[in-house]
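Report on the structure given below.
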Amino acid sequence: MYLLRDAFTDTVRLLPLLAAVYFFVSFLEYRYGDRMGPFLAHFHKFGPVFGALVGCIPQCGFSVVASALYVKRVISVGTLLAVFLSTSDEAVPILLSMPDKAHLVGTLILIKVVIAVTAGMALDLILHSMRVSKLKRASSSKADCEDAIMGHSGCCAHGVDKERSKIKSMLIHPLWHTAKIFVFLFVLSAALNYSVYLIGESRIEGLLLNGTIFQPFLASMIGLIPNCFASVLLAGLFAKGAISFGSMVAGLLAGAGLGMLVLVKESKDTKDTISIIGLLVGISVIAGMVIQMLSGK
C-alpha cells in the first residue's frame, strides 16, 4: 500500500506545472498551429532549421503537419527528419515538473535541435539533385499546405482546424491532457516502484541494459512507438535512474509521435518511408551512444 501512496504523492506534486505547461501549449497551438505548415514550405533552403525549431515545441502536432506536407512533397526529407528528431512532446513538461531534473531541459532541447539541424541540412545537401524534383514552389503549394494542415489532428488527436472550439482547445483539451498524463505517470510510477520492490533494482537495470553501450538502441525502439506516452515513459525511466541521459536522448530523438503514423499511413513510397525510419533510428542511436560515452552516464 505504501508503494501506491508514494507513487500518488510523487505524481500529485507534478500537477500544477504540468497543467500550466499544457494550457500554454494549447494556447500556442490554437493561435499559431495553422501557420506552421506554410511557414516551413516557404523556406525550402533553411527548412531543417525552422523545422527543428518548430519541432522542439513540446507537443507532437507539428510532426503530423510535417508528415502530411512531406507526403505531398511540399517540404524536403531533411526538413521532415529535422522535425522528427527535434520533437520532444511530453518529455519537456515532465522533466520541467521535476525539480532535480528541470535544469536538464535546456541541454536536452539544445542537443536535439543541433542534431536535427545538422542531420537535416546534411541530408538535403547530399540529396540536392533529387530535392529539386521533390519540392514545389511556394506559390503552387499553398493549397497543398492548407489541405495538409486543415486535415491534421493535434496531440492526442484533438482537432486543430479553424473550426475548432475555443473552449475545447484552450480549456477542455489541456485539462483532459493533464488528467491522462497524471494517470499514466501514476501507473508508471507505481509499476516501477513495485518492480523495484519485487525484482530488485540491480536486475531491472540489467533488463534495461543499464551501463552498456546498447541501451540507447533499446531506448530508440521505445521512442519509435507512435504515441505521445512513449516520451513520458522515457522521461520516467530516466528520472528513476533506470536509463542514462544518453539513452533518453536517443529515445526522444527517435520519437516522432503521431507524425510517424501519418507518414506510414499516407506515404505510397514504402522504400522511402523505411529509409527515413532507418535514418531516424541510426542517428538517434549513434547520438545516444556518443552522449553516453562522453557523459559517462
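Every chain in the C-alpha cells takes a letter, A first, then B, and so on in the order presented; its residues are numbered from 1, and the ligands are numbered from 1 following the presented order.
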
- request: Find the spatial neighbours of Ser295 (chain A), counting only C-alpha atoms, within a cut-off of 10 Å - ignore same-chain residues fewer than 4 positions away - and output them as a PyMOL selection string.
  value: chain A and resi 244-246+289-291

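Using only C-alpha atoms, the protein and nucleic acid residues lying no more than 7 Å from Gly259 (chain A), apart from those fewer than 2 places from it along its own chain, are Ser63, Val64, Ser67, Ala256, Gly257, Leu261, Val262 and Leu263 of chain A.
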
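Residue nearest Thr178 (chain A), chosen from A:Leu80, A:Ile222, A:Ile75, A:Ile94 and counting only C-alpha atoms: A:Ile94.
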
List the spatial neighbours of Ser231 (chain A) as a count of residues only - criterion: any atom at most 12 Å away, only C-alpha atoms, same-chain residues fewer than 4 positions off excluded. 40

Closest of A:Ile199, A:Leu104, A:Leu85, A:Met98 to Val285 (chain A), counting only C-alpha atoms, is A:Leu85

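Between CA of Leu53 (chain A) and CA of Ser97 (chain A) there is a distance of 22.0 Å.
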
Next on the checklist: If we count only C-alpha atoms and set the cut-off at 8 Å, which residues sit around region 111-122 of chain A, ignoring sequence neighbours fewer than 2 positions away in its own chain? Please answer as a list in words.
Outcome noted: Phe46, Pro48, Val49, Ala52, Leu53, Cys56, Val77, Gly78, Thr79, Leu80, Leu81, Ala82, Val83, Phe84, Leu85, Ser86, Thr107, Leu108, Ile109, Asp124, Leu125, Ile126, Val249, Leu253 and Ile283 of chain A
